[in-house]
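Next comes structure_28.tsv, with TSV, C-alpha atoms.
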```tsv
chain	number	residue	atom	x	y	z
S	118	MET	CA	-49.13	12.41	-61.61
S	119	CYS	CA	-45.52	12.25	-60.40
S	120	SER	CA	-42.76	11.85	-63.00
S	121	ASN	CA	-41.58	8.63	-61.22
S	122	CYS	CA	-44.93	6.87	-61.50
S	123	ILE	CA	-45.73	4.34	-64.19
S	124	ALA	CA	-49.52	4.69	-64.18
S	125	TYR	CA	-51.92	7.43	-63.12
S	126	ASP	CA	-53.63	5.30	-60.51
S	127	LYS	CA	-50.46	4.27	-58.66
S	128	GLY	CA	-48.49	6.35	-56.24
S	129	CYS	CA	-44.73	6.86	-56.23
S	130	PHE	CA	-44.23	4.47	-53.32
S	131	ASP	CA	-45.85	1.65	-55.27
S	132	VAL	CA	-43.30	1.92	-58.07
S	133	PHE	CA	-40.35	2.14	-55.71
S	134	GLY	CA	-41.83	-0.65	-53.59
S	135	VAL	CA	-41.86	-3.00	-56.61
S	136	VAL	CA	-38.25	-2.12	-57.42
S	137	LEU	CA	-37.17	-2.59	-53.79
S	138	THR	CA	-39.04	-5.89	-53.54
S	139	ASP	CA	-37.31	-7.16	-56.69
S	140	LEU	CA	-33.93	-5.96	-55.43
S	141	LEU	CA	-34.49	-7.59	-52.05
S	142	MET	CA	-35.48	-10.85	-53.75
S	143	VAL	CA	-32.29	-10.82	-55.84
S	144	LEU	CA	-30.15	-10.16	-52.74
S	145	VAL	CA	-31.83	-12.95	-50.76
S	146	LEU	CA	-31.44	-15.36	-53.70
S	147	LYS	CA	-27.75	-14.46	-54.08
S	148	ASP	CA	-27.18	-14.91	-50.34
S	149	THR	CA	-28.96	-18.27	-50.35
S	150	LEU	CA	-26.95	-19.52	-53.34
S	151	GLU	CA	-23.69	-18.39	-51.69
S	152	LYS	CA	-24.56	-20.16	-48.41
S	153	ARG	CA	-25.32	-23.39	-50.26
S	154	GLY	CA	-22.09	-23.15	-52.24
S	155	ALA	CA	-24.07	-23.14	-55.47
S	156	LEU	CA	-23.12	-19.64	-56.63
S	157	GLY	CA	-19.46	-20.58	-57.03
S	158	GLN	CA	-20.46	-23.68	-58.97
S	159	ILE	CA	-22.74	-21.63	-61.21
S	160	LYS	CA	-19.96	-19.12	-61.91
S	161	ALA	CA	-17.49	-21.95	-62.62
S	162	ARG	CA	-19.97	-23.62	-64.96
S	163	ILE	CA	-20.51	-20.34	-66.84
S	164	ARG	CA	-16.73	-19.87	-67.18
S	165	ALA	CA	-16.35	-23.44	-68.47
S	166	GLU	CA	-19.16	-22.94	-70.99
S	167	VAL	CA	-17.70	-19.61	-72.15
S	168	PHE	CA	-14.29	-21.26	-72.55
S	169	ASN	CA	-15.83	-24.11	-74.57
S	170	ALA	CA	-17.67	-21.63	-76.77
S	171	LEU	CA	-14.51	-19.60	-77.40
S	172	ASP	CA	-12.13	-22.56	-77.71
S	173	ASP	CA	-10.99	-22.75	-81.29
S	174	GLN	CA	-10.73	-26.47	-82.09
S	175	SER	CA	-9.25	-25.71	-85.51
S	176	VAL	CA	-5.98	-24.52	-83.95
S	177	PRO	CA	-3.86	-27.59	-83.27
S	178	ARG	CA	-2.48	-27.94	-79.76
S	179	PRO	CA	1.19	-28.64	-79.23
S	180	ALA	CA	2.03	-32.25	-78.48
S	181	LEU	CA	1.57	-33.10	-74.82
S	182	SER	CA	4.95	-34.07	-73.34
S	183	HIS	CA	5.23	-36.99	-70.92
S	184	GLU	CA	6.14	-34.58	-68.10
S	185	ASN	CA	3.17	-32.30	-68.79
S	186	LEU	CA	0.85	-35.29	-68.95
S	187	LEU	CA	2.00	-36.41	-65.47
S	188	ILE	CA	1.81	-32.89	-64.01
S	189	ASN	CA	-1.66	-32.37	-65.45
S	190	GLU	CA	-2.77	-35.72	-64.02
S	191	LEU	CA	-1.53	-34.75	-60.55
S	192	ILE	CA	-3.49	-31.52	-60.86
S	193	ARG	CA	-6.58	-33.28	-62.22
S	194	GLU	CA	-6.53	-35.79	-59.34
S	195	TYR	CA	-6.34	-32.85	-56.91
S	196	LEU	CA	-9.19	-31.00	-58.67
S	197	ASP	CA	-11.38	-34.12	-58.74
S	198	TYR	CA	-10.71	-34.83	-55.06
S	199	ASN	CA	-11.76	-31.28	-54.13
S	200	LYS	CA	-14.81	-31.47	-56.43
S	201	TYR	CA	-13.61	-28.71	-58.77
S	202	LYS	CA	-15.22	-30.54	-61.67
S	203	TYR	CA	-15.64	-27.55	-63.99
S	204	THR	CA	-12.04	-26.48	-63.48
S	205	ALA	CA	-10.95	-30.07	-64.15
S	206	SER	CA	-13.03	-30.19	-67.34
S	207	VAL	CA	-11.46	-26.96	-68.61
S	208	LEU	CA	-7.97	-28.30	-67.78
S	209	THR	CA	-8.69	-31.56	-69.59
S	210	SER	CA	-10.03	-29.78	-72.64
S	211	GLU	CA	-7.46	-27.00	-72.82
S	212	ALA	CA	-4.43	-29.18	-72.11
S	213	GLY	CA	-5.54	-31.96	-74.46
S	214	GLN	CA	-5.47	-34.49	-71.61
S	215	PRO	CA	-7.07	-37.86	-72.30
S	216	GLU	CA	-10.70	-37.87	-71.13
S	217	VAL	CA	-10.07	-40.94	-68.97
S	218	PRO	CA	-7.68	-40.15	-66.07
S	219	LEU	CA	-4.52	-42.17	-65.64
S	220	ASP	CA	-4.66	-44.90	-63.02
S	221	ARG	CA	-3.33	-43.73	-59.64
S	222	GLU	CA	-0.97	-46.72	-59.29
S	223	PHE	CA	0.42	-46.04	-62.78
S	224	LEU	CA	0.95	-42.38	-61.92
S	225	ALA	CA	2.73	-43.25	-58.65
S	226	LYS	CA	4.93	-45.77	-60.48
S	227	GLU	CA	5.85	-43.25	-63.19
S	228	LEU	CA	6.86	-40.74	-60.50
S	229	ASN	CA	8.78	-43.37	-58.50
S	230	ILE	CA	6.51	-42.80	-55.52
S	231	VAL	CA	5.97	-45.55	-52.99
S	232	GLU	CA	2.93	-44.82	-50.89
S	233	ASP	CA	2.67	-46.25	-47.43
S	234	THR	CA	-0.37	-48.50	-47.25
S	235	SER	CA	-2.24	-46.36	-44.71
S	236	GLY	CA	-2.16	-43.27	-46.94
S	237	LYS	CA	-3.11	-44.97	-50.18
S	238	SER	CA	-6.14	-43.51	-51.93
S	239	VAL	CA	-6.88	-41.20	-49.01
S	240	SER	CA	-5.85	-37.97	-50.69
S	241	PRO	CA	-4.35	-36.91	-54.01
S	242	LEU	CA	-0.71	-37.73	-54.66
S	243	LEU	CA	-0.05	-34.00	-54.87
S	244	TYR	CA	-0.82	-33.64	-51.14
S	245	GLY	CA	1.81	-36.26	-50.35
S	246	VAL	CA	4.38	-34.62	-52.63
S	247	LEU	CA	3.76	-31.24	-51.00
S	248	SER	CA	3.90	-32.70	-47.50
S	249	HIS	CA	7.18	-34.43	-48.39
S	250	PHE	CA	8.78	-31.14	-49.43
S	251	LEU	CA	7.30	-29.14	-46.56
S	252	ARG	CA	9.21	-31.49	-44.25
S	253	GLY	CA	12.40	-30.60	-46.11
S	254	GLY	CA	12.36	-33.50	-48.55
S	255	LYS	CA	13.70	-35.91	-45.93
S	256	ALA	CA	12.66	-39.42	-46.85
S	257	GLU	CA	12.29	-42.10	-44.22
S	258	SER	CA	14.19	-44.47	-46.46
S	259	THR	CA	16.09	-44.42	-49.71
S	260	GLN	CA	12.83	-44.58	-51.66
S	261	ASN	CA	10.45	-41.71	-52.35
S	262	THR	CA	7.95	-42.79	-49.74
S	263	LEU	CA	5.18	-40.28	-49.24
S	264	PRO	CA	3.70	-39.86	-45.79
S	265	SER	CA	0.02	-40.40	-45.14
S	266	VAL	CA	-0.09	-37.14	-43.14
S	267	SER	CA	-2.84	-34.77	-44.17
S	268	LEU	CA	-1.84	-31.18	-44.81
S	269	LEU	CA	-4.86	-30.21	-42.75
S	270	ASN	CA	-2.85	-31.25	-39.69
S	271	TYR	CA	0.26	-29.36	-40.81
S	272	PRO	CA	0.82	-26.27	-38.64
S	273	GLU	CA	-0.93	-23.43	-40.46
S	274	GLN	CA	1.64	-20.86	-39.38
S	275	ASN	CA	4.30	-22.76	-41.33
S	276	LEU	CA	2.63	-22.62	-44.74
S	277	GLY	CA	3.36	-18.93	-45.39
S	278	LYS	CA	6.97	-19.03	-44.17
S	279	LEU	CA	10.25	-19.76	-45.84
S	280	PRO	CA	11.65	-23.24	-45.05
S	281	ALA	CA	14.33	-21.79	-42.73
S	282	GLU	CA	11.67	-19.98	-40.67
S	283	ARG	CA	9.37	-22.98	-40.19
S	284	ASN	CA	9.02	-24.92	-36.93
```
Please rewrite the model in this file as structure tokens.
Amino acid sequence: MCSNCIAYDKGCFDVFGVVLTDLLMVLVLKDTLEKRGALGQIKARIRAEVFNALDDQSVPRPALSHENLLINELIREYLDYNKYKYTASVLTSEAGQPEVPLDREFLAKELNIVEDTSGKSVSPLLYGVLSHFLRGGKAESTQNTLPSVSLLNYPEQNLGKLPAERN
């Protein structure tokens, strides 16, 4: 009997074959979950559950300021739009945000944002705010009108540059 064998009637290759088969199965499963986008969701869910388990509810949170409430809502709308639901749930819990999101029209009104009708409800307000500032903060009128332009159409080479270097 070889020292690597489990039983007398099995050869060394049988033991290693079982280990290799199990390892191959794990690698194929991991690859499949990654390709389906499920592995990231599983990891995010585990992080959210760990956070919830470790979150000490007995420690009072500081009062949520009006500004932080609005900023968190912009972020939550962005997270929801991009289907980062576990990240959004951790943000809501950790920040002490209300469980029910603020109405988009209310949020736009609080921020003095006037959306053009074609861009309304297409993407999160945060995309419009970012697009506005990427163009140098030049408004078409005296109001804070956000464009309906998607950042996906914004020249990629501009995003990593300083404003003075952009096209």
> Separation of atom CA of S:Asp172 and atom CA of S:Gly213, in Å?
Replying inline: 11.9 Å
>> Just the number, please: distance in Å from atom CA of S:Pro177 to atom CA of S:Asn189, one decimal.
In response: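 Interatomic distance, atom CA of S:Pro177 to atom CA of S:Asn189: 18.6 Å.
Atom pair atom CA of S:Arg153 / atom CA of S:Val207 has a distance of 23.3 Å (rounded to one decimal).
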> Which one of S:Thr149, S:Asn229, S:Ser182, S:Gln174 sits closest to S:Gln214 if you count all atoms listed in the file?
Replying inline: S:Ser182
>> Just want the 9 Å neighbourhood of S:Pro241, counted on all atoms listed in the file, with same-chain residues fewer than 5 positions away dropped. Output as number ranges by chain.
In response: S: 191-192, 194-198, 221
Would you be able to write out as an mmCIF file with C-alpha atoms, in the frame of the given file which residues have an atom within 10 Å of (-17.6, -25.5, -69.7) in the file's coordinates, counting all atoms listed in the file?
```cif
data_model
loop_
_atom_site.group_PDB
_atom_site.id
_atom_site.type_symbol
_atom_site.label_atom_id
_atom_site.label_comp_id
_atom_site.auth_asym_id
_atom_site.auth_seq_id
_atom_site.Cartn_x
_atom_site.Cartn_y
_atom_site.Cartn_z
ATOM 1 C CA ALA S 161 -17.490 -21.950 -62.620
ATOM 2 C CA ARG S 162 -19.970 -23.620 -64.960
ATOM 3 C CA ILE S 163 -20.510 -20.340 -66.840
ATOM 4 C CA ARG S 164 -16.730 -19.870 -67.180
ATOM 5 C CA ALA S 165 -16.350 -23.440 -68.470
ATOM 6 C CA GLU S 166 -19.160 -22.940 -70.990
ATOM 7 C CA VAL S 167 -17.700 -19.610 -72.150
ATOM 8 C CA PHE S 168 -14.290 -21.260 -72.550
ATOM 9 C CA ASN S 169 -15.830 -24.110 -74.570
ATOM 10 C CA ALA S 170 -17.670 -21.630 -76.770
ATOM 11 C CA LYS S 202 -15.220 -30.540 -61.670
ATOM 12 C CA TYR S 203 -15.640 -27.550 -63.990
ATOM 13 C CA THR S 204 -12.040 -26.480 -63.480
ATOM 14 C CA ALA S 205 -10.950 -30.070 -64.150
ATOM 15 C CA SER S 206 -13.030 -30.190 -67.340
ATOM 16 C CA VAL S 207 -11.460 -26.960 -68.610
ATOM 17 C CA SER S 210 -10.030 -29.780 -72.640
#
```
> Taking into account only C-alpha atoms, which residue in the set S:Val246, S:Leu146, S:Leu251, S:Leu140 is nearest to S:Ile188?
Replying inline: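 Smallest separation from S:Ile188 among the options: S:Val246.
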>> Would you pick out the contacts of S:Leu187 at 10 Å or less, using only C-alpha atoms, so that residues sharing its chain but fewer than 5 positions from it are not included, and give the list as a list in words?
In response: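 The filter keeps Leu181, Ser182, Ile192, Arg193, Gln214, Leu219, Leu224, Ala225, Glu227 and Leu228 of chain S.
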>> Nearest residue to S:Glu211 out of S:Val176, S:Val136, S:Ala155, S:Val231, using all atoms listed in the file?
In response: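 For S:Glu211, the nearest of the given residues is S:Val176.
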Once N, CA and C atoms are restored for stretch 183-215 of chain S, what would the output be as a PDB file, keeping the file's coordinate frame?
```pdb
ATOM      1  N   HIS S 183       5.439 -36.008 -71.992  1.00  0.00           N
ATOM      2  CA  HIS S 183       5.230 -36.990 -70.920  1.00  0.00           C
ATOM      3  C   HIS S 183       5.185 -36.278 -69.558  1.00  0.00           C
ATOM      4  N   GLU S 184       6.093 -35.310 -69.366  1.00  0.00           N
ATOM      5  CA  GLU S 184       6.140 -34.580 -68.100  1.00  0.00           C
ATOM      6  C   GLU S 184       4.866 -33.773 -67.883  1.00  0.00           C
ATOM      7  N   ASN S 185       4.399 -33.088 -68.924  1.00  0.00           N
ATOM      8  CA  ASN S 185       3.170 -32.300 -68.790  1.00  0.00           C
ATOM      9  C   ASN S 185       1.970 -33.196 -68.543  1.00  0.00           C
ATOM     10  N   LEU S 186       1.937 -34.348 -69.173  1.00  0.00           N
ATOM     11  CA  LEU S 186       0.850 -35.290 -68.950  1.00  0.00           C
ATOM     12  C   LEU S 186       0.799 -35.691 -67.475  1.00  0.00           C
ATOM     13  N   LEU S 187       1.952 -36.003 -66.886  1.00  0.00           N
ATOM     14  CA  LEU S 187       2.000 -36.410 -65.470  1.00  0.00           C
ATOM     15  C   LEU S 187       1.624 -35.253 -64.544  1.00  0.00           C
ATOM     16  N   ILE S 188       2.140 -34.065 -64.830  1.00  0.00           N
ATOM     17  CA  ILE S 188       1.810 -32.890 -64.010  1.00  0.00           C
ATOM     18  C   ILE S 188       0.317 -32.605 -64.072  1.00  0.00           C
ATOM     19  N   ASN S 189      -0.224 -32.625 -65.287  1.00  0.00           N
ATOM     20  CA  ASN S 189      -1.660 -32.370 -65.450  1.00  0.00           C
ATOM     21  C   ASN S 189      -2.497 -33.423 -64.729  1.00  0.00           C
ATOM     22  N   GLU S 190      -2.034 -34.658 -64.723  1.00  0.00           N
ATOM     23  CA  GLU S 190      -2.770 -35.720 -64.020  1.00  0.00           C
ATOM     24  C   GLU S 190      -2.737 -35.514 -62.513  1.00  0.00           C
ATOM     25  N   LEU S 191      -1.601 -35.066 -61.979  1.00  0.00           N
ATOM     26  CA  LEU S 191      -1.530 -34.750 -60.550  1.00  0.00           C
ATOM     27  C   LEU S 191      -2.529 -33.640 -60.210  1.00  0.00           C
ATOM     28  N   ILE S 192      -2.576 -32.639 -61.075  1.00  0.00           N
ATOM     29  CA  ILE S 192      -3.490 -31.520 -60.860  1.00  0.00           C
ATOM     30  C   ILE S 192      -4.936 -31.976 -61.006  1.00  0.00           C
ATOM     31  N   ARG S 193      -5.205 -32.804 -62.021  1.00  0.00           N
ATOM     32  CA  ARG S 193      -6.580 -33.280 -62.220  1.00  0.00           C
ATOM     33  C   ARG S 193      -7.046 -34.118 -61.029  1.00  0.00           C
ATOM     34  N   GLU S 194      -6.163 -34.982 -60.505  1.00  0.00           N
ATOM     35  CA  GLU S 194      -6.530 -35.790 -59.340  1.00  0.00           C
ATOM     36  C   GLU S 194      -6.878 -34.880 -58.156  1.00  0.00           C
ATOM     37  N   TYR S 195      -6.081 -33.828 -57.969  1.00  0.00           N
ATOM     38  CA  TYR S 195      -6.340 -32.850 -56.910  1.00  0.00           C
ATOM     39  C   TYR S 195      -7.677 -32.148 -57.134  1.00  0.00           C
ATOM     40  N   LEU S 196      -7.934 -31.699 -58.361  1.00  0.00           N
ATOM     41  CA  LEU S 196      -9.190 -31.000 -58.670  1.00  0.00           C
ATOM     42  C   LEU S 196     -10.395 -31.917 -58.465  1.00  0.00           C
ATOM     43  N   ASP S 197     -10.286 -33.159 -58.917  1.00  0.00           N
ATOM     44  CA  ASP S 197     -11.380 -34.120 -58.740  1.00  0.00           C
ATOM     45  C   ASP S 197     -11.651 -34.384 -57.265  1.00  0.00           C
ATOM     46  N   TYR S 198     -10.591 -34.561 -56.493  1.00  0.00           N
ATOM     47  CA  TYR S 198     -10.710 -34.830 -55.060  1.00  0.00           C
ATOM     48  C   TYR S 198     -11.451 -33.692 -54.349  1.00  0.00           C
ATOM     49  N   ASN S 199     -11.156 -32.452 -54.751  1.00  0.00           N
ATOM     50  CA  ASN S 199     -11.760 -31.280 -54.130  1.00  0.00           C
ATOM     51  C   ASN S 199     -13.063 -30.848 -54.804  1.00  0.00           C
ATOM     52  N   LYS S 200     -13.536 -31.684 -55.730  1.00  0.00           N
ATOM     53  CA  LYS S 200     -14.810 -31.470 -56.430  1.00  0.00           C
ATOM     54  C   LYS S 200     -14.838 -30.184 -57.243  1.00  0.00           C
ATOM     55  N   TYR S 201     -13.686 -29.843 -57.852  1.00  0.00           N
ATOM     56  CA  TYR S 201     -13.610 -28.710 -58.770  1.00  0.00           C
ATOM     57  C   TYR S 201     -13.815 -29.246 -60.185  1.00  0.00           C
ATOM     58  N   LYS S 202     -15.006 -29.807 -60.435  1.00  0.00           N
ATOM     59  CA  LYS S 202     -15.220 -30.540 -61.670  1.00  0.00           C
ATOM     60  C   LYS S 202     -15.202 -29.649 -62.910  1.00  0.00           C
ATOM     61  N   TYR S 203     -15.661 -28.416 -62.809  1.00  0.00           N
ATOM     62  CA  TYR S 203     -15.640 -27.550 -63.990  1.00  0.00           C
ATOM     63  C   TYR S 203     -14.216 -27.105 -64.303  1.00  0.00           C
ATOM     64  N   THR S 204     -13.449 -26.823 -63.278  1.00  0.00           N
ATOM     65  CA  THR S 204     -12.040 -26.480 -63.480  1.00  0.00           C
ATOM     66  C   THR S 204     -11.307 -27.659 -64.095  1.00  0.00           C
ATOM     67  N   ALA S 205     -11.589 -28.861 -63.603  1.00  0.00           N
ATOM     68  CA  ALA S 205     -10.950 -30.070 -64.150  1.00  0.00           C
ATOM     69  C   ALA S 205     -11.352 -30.276 -65.611  1.00  0.00           C
ATOM     70  N   SER S 206     -12.609 -29.995 -65.952  1.00  0.00           N
ATOM     71  CA  SER S 206     -13.030 -30.190 -67.340  1.00  0.00           C
ATOM     72  C   SER S 206     -12.366 -29.186 -68.271  1.00  0.00           C
ATOM     73  N   VAL S 207     -12.164 -27.958 -67.796  1.00  0.00           N
ATOM     74  CA  VAL S 207     -11.460 -26.960 -68.610  1.00  0.00           C
ATOM     75  C   VAL S 207     -10.000 -27.377 -68.771  1.00  0.00           C
ATOM     76  N   LEU S 208      -9.350 -27.833 -67.691  1.00  0.00           N
ATOM     77  CA  LEU S 208      -7.970 -28.300 -67.780  1.00  0.00           C
ATOM     78  C   LEU S 208      -7.848 -29.443 -68.793  1.00  0.00           C
ATOM     79  N   THR S 209      -8.732 -30.408 -68.690  1.00  0.00           N
ATOM     80  CA  THR S 209      -8.690 -31.560 -69.590  1.00  0.00           C
ATOM     81  C   THR S 209      -8.834 -31.128 -71.035  1.00  0.00           C
ATOM     82  N   SER S 210      -9.773 -30.251 -71.280  1.00  0.00           N
ATOM     83  CA  SER S 210     -10.030 -29.780 -72.640  1.00  0.00           C
ATOM     84  C   SER S 210      -8.886 -28.916 -73.158  1.00  0.00           C
ATOM     85  N   GLU S 211      -8.480 -27.942 -72.371  1.00  0.00           N
ATOM     86  CA  GLU S 211      -7.460 -27.000 -72.820  1.00  0.00           C
ATOM     87  C   GLU S 211      -6.086 -27.641 -72.976  1.00  0.00           C
ATOM     88  N   ALA S 212      -5.753 -28.554 -72.076  1.00  0.00           N
ATOM     89  CA  ALA S 212      -4.430 -29.180 -72.110  1.00  0.00           C
ATOM     90  C   ALA S 212      -4.372 -30.338 -73.109  1.00  0.00           C
ATOM     91  N   GLY S 213      -5.528 -30.805 -73.564  1.00  0.00           N
ATOM     92  CA  GLY S 213      -5.540 -31.960 -74.460  1.00  0.00           C
ATOM     93  C   GLY S 213      -5.276 -33.261 -73.728  1.00  0.00           C
ATOM     94  N   GLN S 214      -5.624 -33.280 -72.413  1.00  0.00           N
ATOM     95  CA  GLN S 214      -5.470 -34.490 -71.610  1.00  0.00           C
ATOM     96  C   GLN S 214      -6.436 -35.552 -72.128  1.00  0.00           C
ATOM     97  N   PRO S 215      -6.100 -36.815 -71.984  1.00  0.00           N
ATOM     98  CA  PRO S 215      -7.070 -37.860 -72.300  1.00  0.00           C
ATOM     99  C   PRO S 215      -8.294 -37.702 -71.396  1.00  0.00           C
TER     100      PRO S 215
END
```
